[in-house]
Every structure is written in structure tokens, then in C-alpha cells.
file entry.cif (mmCIF, C-alpha atoms)
data_my_file
loop_
_atom_site.group_PDB
_atom_site.id
_atom_site.type_symbol
_atom_site.label_atom_id
_atom_site.label_comp_id
_atom_site.auth_asym_id
_atom_site.auth_seq_id
_atom_site.Cartn_x
_atom_site.Cartn_y
_atom_site.Cartn_z
ATOM 1 C CA MET E 28 -0.126 5.509 -2.408
ATOM 2 C CA LEU E 29 0.259 8.787 -4.272
ATOM 3 C CA GLN E 30 -3.525 9.212 -4.275
ATOM 4 C CA ARG E 31 -3.660 8.734 -0.488
ATOM 5 C CA LYS E 32 -0.929 11.325 0.037
ATOM 6 C CA ILE E 33 -2.794 13.837 -2.134
ATOM 7 C CA LYS E 34 -5.953 13.302 -0.054
ATOM 8 C CA PHE E 35 -4.059 13.801 3.193
ATOM 9 C CA ASN E 36 -2.252 16.872 1.882
ATOM 10 C CA GLY E 37 -5.504 18.333 0.557
ATOM 11 C CA PHE E 38 -7.052 18.042 4.010
ATOM 12 C CA ILE E 39 -3.984 19.545 5.662
ATOM 13 C CA LEU E 40 -4.053 22.423 3.183
ATOM 14 C CA ALA E 41 -7.730 23.041 3.979
ATOM 15 C CA LEU E 42 -6.994 23.083 7.730
ATOM 16 C CA LEU E 43 -4.130 25.534 7.314
ATOM 17 C CA THR E 44 -6.172 27.720 4.961
ATOM 18 C CA ALA E 45 -8.982 27.981 7.515
ATOM 19 C CA ILE E 46 -6.719 29.984 9.837
ATOM 20 C CA PRO E 47 -5.885 32.950 7.529
ATOM 21 C CA VAL E 48 -9.488 32.960 6.266
ATOM 22 C CA ALA E 49 -10.647 33.308 9.879
ATOM 23 C CA TYR E 50 -8.144 36.137 10.353
ATOM 24 C CA VAL E 51 -9.388 38.004 7.269
ATOM 25 C CA TRP E 52 -13.104 37.259 7.899
ATOM 26 C CA PRO E 53 -13.551 36.601 11.640
ATOM 27 C CA THR E 54 -17.267 37.398 11.505
ATOM 28 C CA GLY E 55 -17.855 34.717 8.859
ATOM 29 C CA ALA E 56 -18.748 32.003 11.375
ATOM 30 C CA ASN E 57 -21.675 34.034 12.718
ATOM 31 C CA PHE E 58 -22.710 35.254 9.283
ATOM 32 C CA LEU E 59 -22.850 31.686 7.910
ATOM 33 C CA HIS E 60 -24.430 30.264 11.121
ATOM 34 C CA LEU E 61 -21.594 27.738 11.320
ATOM 35 C CA ASN E 62 -22.197 26.926 14.996
ATOM 36 C CA GLN E 63 -25.552 25.427 14.061
ATOM 37 C CA VAL E 64 -24.138 23.737 10.949
ATOM 38 C CA THR E 65 -21.289 22.078 12.886
ATOM 39 C CA ASP E 66 -23.641 21.015 15.703
ATOM 40 C CA VAL E 67 -25.659 19.000 13.163
ATOM 41 C CA GLY E 68 -22.451 17.849 11.450
ATOM 42 C CA ILE E 69 -21.038 16.445 14.701
ATOM 43 C CA GLY E 70 -24.147 14.304 15.192
ATOM 44 C CA LEU E 71 -23.875 12.982 11.641
ATOM 45 C CA ILE E 72 -20.141 12.220 12.035
ATOM 46 C CA PHE E 73 -20.843 9.927 14.986
ATOM 47 C CA PHE E 74 -23.962 8.464 13.404
ATOM 48 C CA PHE E 75 -21.921 7.371 10.370
ATOM 49 C CA TYR E 76 -19.127 6.192 12.684
ATOM 50 C CA GLY E 77 -21.600 3.945 14.526
ATOM 51 C CA LEU E 78 -23.118 2.802 11.252
ATOM 52 C CA LYS E 79 -19.755 1.438 10.102
ATOM 53 C CA LEU E 80 -18.948 -0.335 13.390
ATOM 54 C CA SER E 81 -19.308 -4.098 13.226
ATOM 55 C CA MET E 82 -19.837 -6.082 16.425
ATOM 56 C CA HIS E 83 -18.291 -9.043 14.595
ATOM 57 C CA THR E 84 -14.994 -7.125 14.533
ATOM 58 C CA PHE E 85 -15.110 -6.743 18.313
ATOM 59 C CA ARG E 86 -15.993 -10.382 18.957
ATOM 60 C CA ALA E 87 -13.193 -11.556 16.660
ATOM 61 C CA GLY E 88 -10.570 -9.268 18.184
ATOM 62 C CA VAL E 89 -10.918 -9.735 21.939
ATOM 63 C CA SER E 90 -8.372 -12.541 22.381
ATOM 64 C CA ASN E 91 -5.135 -10.561 21.851
ATOM 65 C CA TYR E 92 -5.494 -8.819 25.212
ATOM 66 C CA LYS E 93 -1.828 -7.819 25.681
ATOM 67 C CA LEU E 94 -1.835 -5.859 22.437
ATOM 68 C CA HIS E 95 -5.166 -4.220 23.288
ATOM 69 C CA LEU E 96 -4.030 -3.249 26.780
ATOM 70 C CA LEU E 97 -0.785 -1.704 25.520
ATOM 71 C CA ILE E 98 -2.578 0.385 22.905
ATOM 72 C CA HIS E 99 -5.258 1.748 25.231
ATOM 73 C CA LEU E 100 -2.968 2.272 28.215
ATOM 74 C CA SER E 101 -0.655 4.214 25.895
ATOM 75 C CA THR E 102 -3.528 6.263 24.483
ATOM 76 C CA PHE E 103 -5.416 7.128 27.664
ATOM 77 C CA ILE E 104 -2.914 6.720 30.541
ATOM 78 C CA ILE E 105 0.726 7.085 29.446
ATOM 79 C CA PHE E 106 0.074 10.048 27.123
ATOM 80 C CA PRO E 107 -1.644 12.266 29.748
ATOM 81 C CA LEU E 108 0.789 11.220 32.494
ATOM 82 C CA LEU E 109 3.663 12.449 30.304
ATOM 83 C CA VAL E 110 2.059 15.867 29.819
ATOM 84 C CA LEU E 111 0.616 16.328 33.322
ATOM 85 C CA PRO E 112 3.907 17.143 35.187
ATOM 86 C CA PHE E 113 4.592 20.141 32.925
ATOM 87 C CA LYS E 114 1.535 22.009 34.212
ATOM 88 C CA SER E 115 3.486 23.447 37.153
ATOM 89 C CA LEU E 116 6.075 24.939 34.766
ATOM 90 C CA MET E 117 3.500 27.036 32.888
ATOM 91 C CA VAL E 118 3.866 30.467 34.499
ATOM 92 C CA SER E 119 2.386 32.791 31.862
ATOM 93 C CA GLU E 120 -1.247 32.812 30.733
ATOM 94 C CA SER E 121 -0.385 31.929 27.113
ATOM 95 C CA ALA E 122 1.866 29.062 28.248
ATOM 96 C CA GLU E 123 -0.916 27.705 30.455
ATOM 97 C CA LEU E 124 -3.363 27.815 27.539
ATOM 98 C CA LEU E 125 -0.921 25.860 25.377
ATOM 99 C CA TRP E 126 -0.457 23.319 28.171
ATOM 100 C CA VAL E 127 -4.230 22.806 28.253
ATOM 101 C CA GLY E 128 -4.055 22.244 24.487
ATOM 102 C CA MET E 129 -1.270 19.689 24.943
ATOM 103 C CA PHE E 130 -3.167 17.934 27.725
ATOM 104 C CA PHE E 131 -6.317 17.950 25.604
ATOM 105 C CA LEU E 132 -4.285 16.318 22.813
ATOM 106 C CA SER E 133 -2.892 13.712 25.203
ATOM 107 C CA VAL E 134 -6.318 12.439 26.339
ATOM 108 C CA LEU E 135 -7.805 12.043 22.855
ATOM 109 C CA PRO E 136 -8.457 8.574 21.369
ATOM 110 C CA SER E 137 -6.569 7.108 18.441
ATOM 111 C CA THR E 138 -7.634 7.690 14.863
ATOM 112 C CA VAL E 139 -9.631 5.029 13.031
ATOM 113 C CA SER E 140 -9.245 5.310 9.255
ATOM 114 C CA SER E 141 -5.644 6.532 9.045
ATOM 115 C CA SER E 142 -4.450 4.052 11.705
ATOM 116 C CA VAL E 143 -5.899 1.157 9.733
ATOM 117 C CA VAL E 144 -4.522 2.521 6.446
ATOM 118 C CA MET E 145 -1.007 2.922 7.876
ATOM 119 C CA VAL E 146 -1.032 -0.522 9.496
ATOM 120 C CA SER E 147 -2.118 -1.960 6.148
ATOM 121 C CA ILE E 148 0.725 -0.200 4.306
ATOM 122 C CA ALA E 149 3.247 -1.423 6.897
ATOM 123 C CA LYS E 150 1.890 -5.007 6.681
ATOM 124 C CA GLY E 151 0.812 -5.071 10.312
ATOM 125 C CA ASN E 152 -2.067 -6.840 12.062
ATOM 126 C CA ILE E 153 -5.002 -5.221 10.240
ATOM 127 C CA PRO E 154 -7.892 -6.928 12.162
ATOM 128 C CA ALA E 155 -6.295 -5.847 15.458
ATOM 129 C CA ALA E 156 -5.880 -2.307 14.104
ATOM 130 C CA ILE E 157 -9.572 -2.133 13.142
ATOM 131 C CA PHE E 158 -10.598 -3.514 16.552
ATOM 132 C CA ASN E 159 -8.393 -1.198 18.617
ATOM 133 C CA ALA E 160 -8.913 1.963 16.582
ATOM 134 C CA SER E 161 -12.698 1.473 16.743
ATOM 135 C CA LEU E 162 -12.635 0.656 20.467
ATOM 136 C CA SER E 163 -10.399 3.669 21.137
ATOM 137 C CA GLY E 164 -12.961 5.939 19.523
ATOM 138 C CA LEU E 165 -15.716 4.509 21.689
ATOM 139 C CA LEU E 166 -13.654 4.762 24.888
ATOM 140 C CA GLY E 167 -12.703 8.331 24.028
ATOM 141 C CA VAL E 168 -16.345 9.425 24.151
ATOM 142 C CA ALA E 169 -16.230 8.795 27.928
ATOM 143 C CA LEU E 170 -12.538 9.039 28.904
ATOM 144 C CA THR E 171 -11.609 12.287 27.117
ATOM 145 C CA PRO E 172 -14.302 14.411 28.845
ATOM 146 C CA LEU E 173 -13.570 12.628 32.138
ATOM 147 C CA TRP E 174 -9.863 13.561 32.022
ATOM 148 C CA LEU E 175 -10.678 17.130 30.999
ATOM 149 C CA GLY E 176 -13.338 17.503 33.671
ATOM 150 C CA LEU E 177 -10.865 16.432 36.356
ATOM 151 C CA LEU E 178 -7.968 18.697 35.370
ATOM 152 C CA VAL E 179 -9.117 21.495 33.071
ATOM 153 C CA ASP E 180 -11.275 24.381 34.244
ATOM 154 C CA ASP E 181 -12.430 26.421 31.258
ATOM 155 C CA ALA E 182 -16.179 26.242 31.517
ATOM 156 C CA GLN E 183 -16.682 29.856 30.441
ATOM 157 C CA GLY E 184 -20.160 29.863 31.926
ATOM 158 C CA VAL E 185 -21.120 26.462 30.529
ATOM 159 C CA SER E 186 -22.338 24.089 33.248
ATOM 160 C CA ALA E 187 -21.234 20.478 33.583
ATOM 161 C CA LEU E 188 -24.860 19.471 32.998
ATOM 162 C CA SER E 189 -24.852 21.391 29.721
ATOM 163 C CA VAL E 190 -21.660 19.653 28.566
ATOM 164 C CA ILE E 191 -23.032 16.211 29.503
ATOM 165 C CA SER E 192 -26.311 16.892 27.693
ATOM 166 C CA LYS E 193 -24.397 17.999 24.575
ATOM 167 C CA LEU E 194 -22.219 14.887 24.721
ATOM 168 C CA MET E 195 -25.316 12.716 24.971
ATOM 169 C CA LEU E 196 -27.240 14.532 22.245
ATOM 170 C CA GLN E 197 -24.433 15.091 19.732
ATOM 171 C CA ILE E 198 -22.256 12.002 20.281
ATOM 172 C CA VAL E 199 -23.746 9.172 22.357
ATOM 173 C CA LEU E 200 -27.266 9.224 20.867
ATOM 174 C CA PRO E 201 -26.260 9.326 17.155
ATOM 175 C CA LEU E 202 -23.437 6.842 17.799
ATOM 176 C CA THR E 203 -25.850 4.403 19.472
ATOM 177 C CA LEU E 204 -28.398 4.871 16.701
ATOM 178 C CA GLY E 205 -25.731 4.175 14.077
ATOM 179 C CA ILE E 206 -24.627 0.981 15.853
ATOM 180 C CA LEU E 207 -28.227 -0.224 16.091
ATOM 181 C CA LEU E 208 -28.756 0.409 12.365
ATOM 182 C CA HIS E 209 -25.473 -1.224 11.295
ATOM 183 C CA GLY E 210 -27.229 -4.416 10.205
ATOM 184 C CA GLN E 211 -29.550 -2.535 7.862
ATOM 185 C CA PHE E 212 -27.290 0.193 6.498
ATOM 186 C CA GLY E 213 -23.723 -0.787 7.478
ATOM 187 C CA GLN E 214 -22.763 -2.063 4.043
ATOM 188 C CA LEU E 215 -24.157 1.071 2.401
ATOM 189 C CA ALA E 216 -22.049 3.210 4.733
ATOM 190 C CA LEU E 217 -18.932 1.152 3.996
ATOM 191 C CA LYS E 218 -19.508 1.480 0.238
ATOM 192 C CA ASN E 219 -19.679 5.255 0.668
ATOM 193 C CA SER E 220 -16.714 5.497 3.058
ATOM 194 C CA THR E 221 -14.904 8.031 0.868
ATOM 195 C CA LEU E 222 -17.932 10.318 0.714
ATOM 196 C CA ILE E 223 -18.432 10.037 4.481
ATOM 197 C CA ALA E 224 -14.733 10.725 5.116
ATOM 198 C CA ASN E 225 -14.924 13.876 2.983
ATOM 199 C CA PHE E 226 -18.007 14.982 4.925
ATOM 200 C CA ASP E 227 -16.153 14.416 8.223
ATOM 201 C CA LYS E 228 -13.184 16.462 7.018
ATOM 202 C CA THR E 229 -15.436 19.299 5.861
ATOM 203 C CA ILE E 230 -17.075 19.539 9.295
ATOM 204 C CA ILE E 231 -13.649 19.482 10.985
ATOM 205 C CA VAL E 232 -12.402 22.345 8.785
ATOM 206 C CA LEU E 233 -15.550 24.345 9.608
ATOM 207 C CA ILE E 234 -15.051 23.715 13.356
ATOM 208 C CA VAL E 235 -11.424 24.873 13.106
ATOM 209 C CA TYR E 236 -12.483 27.975 11.158
ATOM 210 C CA THR E 237 -15.228 28.800 13.695
ATOM 211 C CA SER E 238 -12.838 28.392 16.638
ATOM 212 C CA PHE E 239 -10.214 30.655 15.113
ATOM 213 C CA CYS E 240 -12.876 33.257 14.261
ATOM 214 C CA LEU E 241 -13.703 33.491 17.982
ATOM 215 C CA SER E 242 -10.037 33.781 18.922
ATOM 216 C CA PHE E 243 -9.230 36.468 16.352
ATOM 217 C CA LEU E 244 -12.267 38.510 17.419
ATOM 218 C CA ALA E 245 -10.999 38.275 21.024
ATOM 219 C CA ASN E 246 -7.435 39.176 19.918
ATOM 220 C CA LEU E 247 -6.258 36.046 21.717
ATOM 221 C CA PHE E 248 -3.133 35.396 19.667
ATOM 222 C CA SER E 249 -1.478 38.703 20.538
ATOM 223 C CA GLY E 250 0.416 36.973 23.371
ATOM 224 C CA LEU E 251 1.782 34.192 21.147
ATOM 225 C CA ASN E 252 4.981 34.800 19.193
ATOM 226 C CA ILE E 253 6.993 32.719 16.742
ATOM 227 C CA THR E 254 9.292 31.435 19.501
ATOM 228 C CA VAL E 255 6.354 30.089 21.512
ATOM 229 C CA LEU E 256 4.879 28.383 18.461
ATOM 230 C CA PHE E 257 8.269 26.906 17.575
ATOM 231 C CA MET E 258 8.605 25.508 21.101
ATOM 232 C CA LEU E 259 5.105 24.074 20.801
ATOM 233 C CA CYS E 260 6.069 22.285 17.577
ATOM 234 C CA LEU E 261 9.187 20.872 19.243
ATOM 235 C CA ALA E 262 7.151 19.668 22.231
ATOM 236 C CA ILE E 263 4.642 17.942 19.929
ATOM 237 C CA LEU E 264 7.386 16.203 17.946
ATOM 238 C CA ALA E 265 9.187 15.176 21.147
ATOM 239 C CA LEU E 266 5.962 13.696 22.558
ATOM 240 C CA PHE E 267 5.232 11.851 19.324
ATOM 241 C CA PHE E 268 8.692 10.301 18.911
ATOM 242 C CA PHE E 269 8.938 9.445 22.617
ATOM 243 C CA MET E 270 5.662 7.513 22.390
ATOM 244 C CA LEU E 271 6.793 5.729 19.215
ATOM 245 C CA LEU E 272 10.020 4.601 20.889
ATOM 246 C CA LEU E 273 8.342 3.706 24.185
ATOM 247 C CA ILE E 274 5.602 1.589 22.590
ATOM 248 C CA ASN E 275 8.183 -0.109 20.377
ATOM 249 C CA ALA E 276 10.340 -0.929 23.427
ATOM 250 C CA ILE E 277 7.393 -2.303 25.414
ATOM 251 C CA SER E 278 6.231 -4.337 22.393
ATOM 252 C CA ASN E 279 9.683 -5.912 22.105
ATOM 253 C CA LYS E 280 9.736 -6.612 25.848
ATOM 254 C CA LEU E 281 6.365 -8.370 25.585
ATOM 255 C CA GLY E 282 7.616 -10.473 22.672
ATOM 256 C CA PHE E 283 5.104 -9.194 20.127
ATOM 257 C CA SER E 284 5.316 -10.381 16.542
ATOM 258 C CA THR E 285 6.352 -7.810 13.929
ATOM 259 C CA GLU E 286 2.729 -7.433 12.826
ATOM 260 C CA ASP E 287 1.470 -6.825 16.377
ATOM 261 C CA ARG E 288 4.354 -4.446 17.123
ATOM 262 C CA ILE E 289 3.478 -2.353 14.053
ATOM 263 C CA THR E 290 -0.175 -2.221 15.118
ATOM 264 C CA ALA E 291 0.743 -1.236 18.684
ATOM 265 C CA ILE E 292 3.061 1.550 17.497
ATOM 266 C CA PHE E 293 0.669 3.045 14.979
ATOM 267 C CA CYS E 294 -2.566 2.745 16.971
ATOM 268 C CA GLY E 295 -1.026 3.673 20.325
ATOM 269 C CA SER E 296 0.845 6.780 19.163
ATOM 270 C CA LYS E 297 -1.855 8.434 17.040
ATOM 271 C CA LYS E 298 -4.513 10.937 18.061
ATOM 272 C CA SER E 299 -7.859 11.679 16.430
ATOM 273 C CA LEU E 300 -8.433 15.139 14.981
ATOM 274 C CA VAL E 301 -12.104 14.206 14.504
ATOM 275 C CA HIS E 302 -12.620 13.621 18.228
ATOM 276 C CA GLY E 303 -10.382 16.584 19.068
ATOM 277 C CA SER E 304 -12.401 19.015 16.964
ATOM 278 C CA VAL E 305 -15.716 17.638 18.180
ATOM 279 C CA MET E 306 -14.761 17.592 21.874
ATOM 280 C CA ALA E 307 -13.341 21.111 21.640
ATOM 281 C CA LYS E 308 -16.574 22.317 20.048
ATOM 282 C CA ILE E 309 -18.709 20.700 22.748
ATOM 283 C CA MET E 310 -16.555 21.429 25.812
ATOM 284 C CA PHE E 311 -14.962 24.756 24.835
ATOM 285 C CA GLY E 312 -17.348 25.966 22.142
ATOM 286 C CA HIS E 313 -18.250 29.154 24.021
ATOM 287 C CA SER E 314 -14.619 29.950 24.800
ATOM 288 C CA ALA E 315 -12.350 32.145 22.698
ATOM 289 C CA ASN E 316 -9.569 29.785 23.821
ATOM 290 C CA ALA E 317 -10.990 26.888 21.783
ATOM 291 C CA SER E 318 -8.634 27.445 18.822
ATOM 292 C CA ILE E 319 -5.610 27.426 21.148
ATOM 293 C CA TYR E 320 -6.715 24.019 22.379
ATOM 294 C CA ILE E 321 -7.236 22.726 18.841
ATOM 295 C CA LEU E 322 -3.859 24.046 17.600
ATOM 296 C CA PRO E 323 -1.693 21.283 19.177
ATOM 297 C CA VAL E 324 -4.152 18.662 17.893
ATOM 298 C CA MET E 325 -3.854 20.059 14.352
ATOM 299 C CA LEU E 326 -0.061 20.156 14.493
ATOM 300 C CA TYR E 327 0.100 16.634 15.931
ATOM 301 C CA HIS E 328 -2.291 15.380 13.255
ATOM 302 C CA ILE E 329 -0.160 16.817 10.464
ATOM 303 C CA SER E 330 3.031 15.421 12.033
ATOM 304 C CA GLN E 331 1.614 11.929 12.559
ATOM 305 C CA LEU E 332 0.316 11.688 8.996
ATOM 306 C CA LEU E 333 3.587 12.710 7.387
ATOM 307 C CA ILE E 334 5.927 10.816 9.717
ATOM 308 C CA VAL E 335 3.870 7.629 10.073
ATOM 309 C CA ALA E 336 3.275 7.499 6.305
ATOM 310 C CA TYR E 337 7.059 7.502 5.783
ATOM 311 C CA ILE E 338 7.633 4.861 8.494
ATOM 312 C CA ALA E 339 4.783 2.690 7.160
ATOM 313 C CA GLN E 340 6.236 2.685 3.653
ATOM 314 C CA LYS E 341 9.670 1.684 4.984
ATOM 315 C CA LEU E 342 8.223 -1.119 7.103
ATOM 316 C CA GLY E 343 6.033 -2.317 4.247
ATOM 317 C CA LYS E 344 8.992 -2.568 1.877
ATOM 318 C CA ARG E 345 11.040 -4.409 4.486
ATOM 319 C CA CYS E 346 8.237 -6.907 5.044
ATOM 320 C CA LEU E 347 8.023 -7.563 1.331
ATOM 321 C CA LYS E 348 11.672 -8.540 1.052
ATOM 322 C CA PRO E 349 12.220 -12.311 0.737
ATOM 323 C CA ALA E 350 13.771 -14.034 3.730
#

call {"tool": "encode", "arguments": {"input": "entry.cif", "output": "C-alpha cells"}}
result
Amino acid sequence: MLQRKIKFNGFILALLTAIPVAYVWPTGANFLHLNQVTDVGIGLIFFFYGLKLSMHTFRAGVSNYKLHLLIHLSTFIIFPLLVLPFKSLMVSESAELLWVGMFFLSVLPSTVSSSVVMVSIAKGNIPAAIFNASLSGLLGVALTPLWLGLLVDDAQGVSALSVISKLMLQIVLPLTLGILLHGQFGQLALKNSTLIANFDKTIIVLIVYTSFCLSFLANLFSGLNITVLFMLCLAILALFFFMLLLINAISNKLGFSTEDRITAIFCGSKKSLVHGSVMAKIMFGHSANASIYILPVMLYHISQLLIVAYIAQKLGKRCLKPA
């Protein structure tokens, strides 16, 4: 457990360090050609993701449809519907940018690795967690851009055709190739999961750094003060805890077992920083606003890791107690 926390904290530290480095050296992304590096990295992230996906997991997990529906309705419907009404309240330009970031967060899929790890610690339904976290990632490839295309207008000169072609080239194609090669190389990918996870995190940190470089060069953060950032943190925490309580209440109403309830709560309330970083790079990569959109995702990611880790440990200890 201590080792897992150190890994999480090391990644968080790297994410937070990327911001001041971008402030001090905003031209570094261009100098190091990081746009090209991260473009290749995104393709490899989804290739490895597909490589580790087992169709056996999907066939074995389809029967528990109530649990699956709750998780994916929470992830892709309830989340955005909670954020959507606040759009009309955003009167200033900076507030509207932060709302876009919050809405972008709300339409992202659930995480895969950390969801499964937390469900395992809490003694939840691990096969269902693997099934739903994996399916959420696949659904997010289509549903996240669809939501954004309907309600967010920040093309910055990038055509819809260009975005679709990037999605196909950098996500769908490598993901499909990975799935097709699972039988030959899936076990090798699973054996090297730690190495692949570290690669994924490195690409995410580079995407965050590149995005903030653009924003600092455009002097975009001049309109954001400490009060605004504090309110953003409160909004993120409020959204997170509301979803935890709501999913827990619905799970109880549906009569879920403790194991299924844990899986629903953890998989349905989490959001993927991997998909968030990648989608922001593809859809907003030419925009100086990209880092503003990634900021809520980063803050939510940090919050969910720390809070869910604490909850998972408590639930795990309770489950271990003799009846």
C-alpha cells in the first residue's frame, strides 16, 4: 500500500512540477518538439491499452447489467447534466473557460488501472471493475468528443474533419490494432504493465507541460486569481462528493451487494486523466486555452486518488472484520 501511494504521489508531484517549469521555460515545448513527441506517445498509449484488453473479460462481465448501466449513466450522462446548468451563470471570459474545463471533465470516461486497484483494496467486485473501467475507456473515445462537439466551440481554426482524422489516427487505429494483437502480445503487455503505466504518465506530464507553455506564452492566466482557483477547487470537490453520495444512494435503492456497491461508487465517480490529456491535446491542441481545460481534470485526478484511497482502505478493513 505504501508503495502504491508513493507512485501516485510521484506522479502528482510531476504534474504539479510541470506547471512552474512551463512558466520558467515556456518556449521549451517548441524547442524540444514536444508536440510531435506527444502525438506519437498518444498513439502508443492507446495501442498498449488495446493490447491489454481481453475480450474474455467483456464476455464474462455482461450479465450484471444493472451495475453496468449505473456506472456508465453516471459517467456519461449524470456528470455532464450536473455541470451543464451552470453555463448560464458564467458571465466573465475566465469563468466561461473554467466552465468548459469542468464540462470537459464531466464527459470523460472512468479510469482503468486506479479504479481496479481501489476496488481491489476495498474488496469490491474486481471482475466487474475491470469490465466497466475498460468499457468506459472505449465508450469515451466516441462519447467524449461527441459531447464536446455539441456544446463546446473552441475550434481555434481546427476543422471538425481535422479533429475526426486525428481521433481516428491517434486513438481508434492504434486501439484497434492493439485489440487485434492481444492474442499474440497481450500477456507480454500485462507482464510489463508497470513500465507501460510509467510511459503513459510520462506522456501525460509532457502534454500538461506543453499546454501550459502555450498558455503562459499567451499570458492567459492573468485573469485568474487565487479566489477563482479556490472556487474551482471547491466546485470540483462538491461534484466529486455529490457523485459519491448519489451513486451510493442509487446502489442501495437497487439492492446491490456491498461488493457491487463499492464497484459502482469507485468506477462511476472517477475520471481519466489519460483520456483528458489526450482529448485536450487532440481537440484543443492549437488553443492557448488547453491548459485551462486540463486544470480541472488534474485537480479532480489528484482529489480522487487521495480521497478514494482513504475510503478504499476503510472499506477494505471493514470487510476484513469477522462477522

call {"tool": "residues_around", "arguments": {"input": "entry.cif", "residues": "range 212-224 of chain E", "least_positions_apart": "5", "cutoff": "10 Å", "atoms": "only C-alpha atoms", "output": "count of residues only"}}
result
14

call {"tool": "residues_around", "arguments": {"input": "entry.cif", "residues": "range 157-174 of chain E", "least_positions_apart": "3", "cutoff": "7 Å", "atoms": "all atoms listed in the file", "output": "ChimeraX atom specification"}}
result
/E:84-85,88,95,99,134-139,142-143,153-154,177-178,294

call {"tool": "closest_residue", "arguments": {"input": "entry.cif", "among": "E:Asn62, E:Asn57, E:Ser284, E:Thr254", "to": "Lys308 in chain E", "atoms": "only C-alpha atoms"}}
result
E:Asn62

call {"tool": "resolve_selection", "arguments": {"input": "entry.cif", "expression": "the PyMOL selection byres ((chain E and resi 123) around 12)", "output": "VMD selection string"}}
result
chain E and resid 111 113 to 122 124 to 130 179 to 181 250 to 251 255 259 316 319 to 320

call {"tool": "closest_atom_pairs", "arguments": {"input": "entry.cif", "of": "range 173-252 of chain E", "to": "range 36-41 of chain E", "cutoff": "9 Å", "atoms": "all atoms listed in the file", "output": "Markdown table"}}
result
| residue | atom | partner | partner_atom | distance |
| --- | --- | --- | --- | --- |
| E:Asn225 | CA | E:Phe38 | CA | 9.0 |
| E:Lys228 | CA | E:Phe38 | CA | 7.0 |
| E:Thr229 | CA | E:Phe38 | CA | 8.7 |
| E:Val232 | CA | E:Ala41 | CA | 6.7 |

call {"tool": "atom_distance", "arguments": {"input": "entry.cif", "atom1": "CA of Leu194 in chain E", "atom2": "CA of Val305 in chain E"}}
result
9.6 Å

call {"tool": "atom_distance", "arguments": {"input": "entry.cif", "atom1": "CA of Leu100 in chain E", "atom2": "CA of Leu326 in chain E"}}
result
22.7 Å

call {"tool": "closest_residue", "arguments": {"input": "entry.cif", "among": "E:Ala45, E:Val67, E:Ile289, E:Val110", "to": "Gly343 in chain E", "atoms": "all atoms listed in the file"}}
result
E:Ile289

call {"tool": "atom_distance", "arguments": {"input": "entry.cif", "atom1": "CA of Phe311 in chain E", "atom2": "CA of Thr237 in chain E"}}
result
11.9 Å

call {"tool": "closest_residue", "arguments": {"input": "entry.cif", "among": "E:Val146, E:Leu233, E:Ala155, E:Pro201", "to": "His60 in chain E", "atoms": "all atoms listed in the file"}}
result
E:Leu233

call {"tool": "residues_around", "arguments": {"input": "entry.cif", "residues": "range 330-333 of chain E", "least_positions_apart": "5", "cutoff": "10 Å", "atoms": "all atoms listed in the file", "output": "list in words"}}
result
Lys32, Phe35, Asn36, Ile39, Ser141, Ser142, Met145, Cys260, Ile263, Leu264, Phe267, Phe268, Phe293, Ser296, Lys297, Lys298, Val324, Met325 and Ile338 of chain E

call {"tool": "closest_residue", "arguments": {"input": "entry.cif", "among": "E:Thr290, E:Phe226, E:Phe73, E:Val51", "to": "Val144 in chain E", "atoms": "all atoms listed in the file"}}
result
E:Thr290

call {"tool": "resolve_selection", "arguments": {"input": "entry.cif", "expression": "the PyMOL selection byres ((chain E and resi 197) around 9)", "output": "list in words"}}
result
Asp66, Val67, Gly68, Ile69, Gly70, Leu71, Phe73, Ser192, Lys193, Leu194, Met195, Leu196, Ile198, Val199, Leu200, Pro201, Leu202 and Ile309 of chain E

call {"tool": "axis_aligned_box", "arguments": {"input": "entry.cif", "around": "range 240-251 of chain E", "padding_each_side": "6 Å", "output": "JSON"}}
result
{"center_x": -6.0, "center_y": 36.2, "center_z": 18.8, "size_x": 27.5, "size_y": 17.9, "size_z": 21.1}

call {"tool": "closest_residue", "arguments": {"input": "entry.cif", "among": "E:Leu132, E:Ser101, E:Lys150, E:Phe106", "to": "Lys344 in chain E", "atoms": "all atoms listed in the file"}}
result
E:Lys150

call {"tool": "closest_residue", "arguments": {"input": "entry.cif", "among": "E:Asn279, E:Thr285, E:Asn246, E:Gln211", "to": "Ala315 in chain E", "atoms": "all atoms listed in the file"}}
result
E:Asn246

call {"tool": "residues_around", "arguments": {"input": "entry.cif", "residues": "Trp52 in chain E", "least_positions_apart": "3", "cutoff": "10 Å", "atoms": "all atoms listed in the file", "output": "tab-separated table (two decimals) with C-alpha atoms, in the frame of the given file"}}
result
chain	number	residue	atom	x	y	z
E	46	ILE	CA	-6.72	29.98	9.84
E	47	PRO	CA	-5.88	32.95	7.53
E	48	VAL	CA	-9.49	32.96	6.27
E	49	ALA	CA	-10.65	33.31	9.88
E	55	GLY	CA	-17.86	34.72	8.86
E	56	ALA	CA	-18.75	32.00	11.38
E	58	PHE	CA	-22.71	35.25	9.28
E	236	TYR	CA	-12.48	27.98	11.16
E	240	CYS	CA	-12.88	33.26	14.26
E	243	PHE	CA	-9.23	36.47	16.35
E	244	LEU	CA	-12.27	38.51	17.42
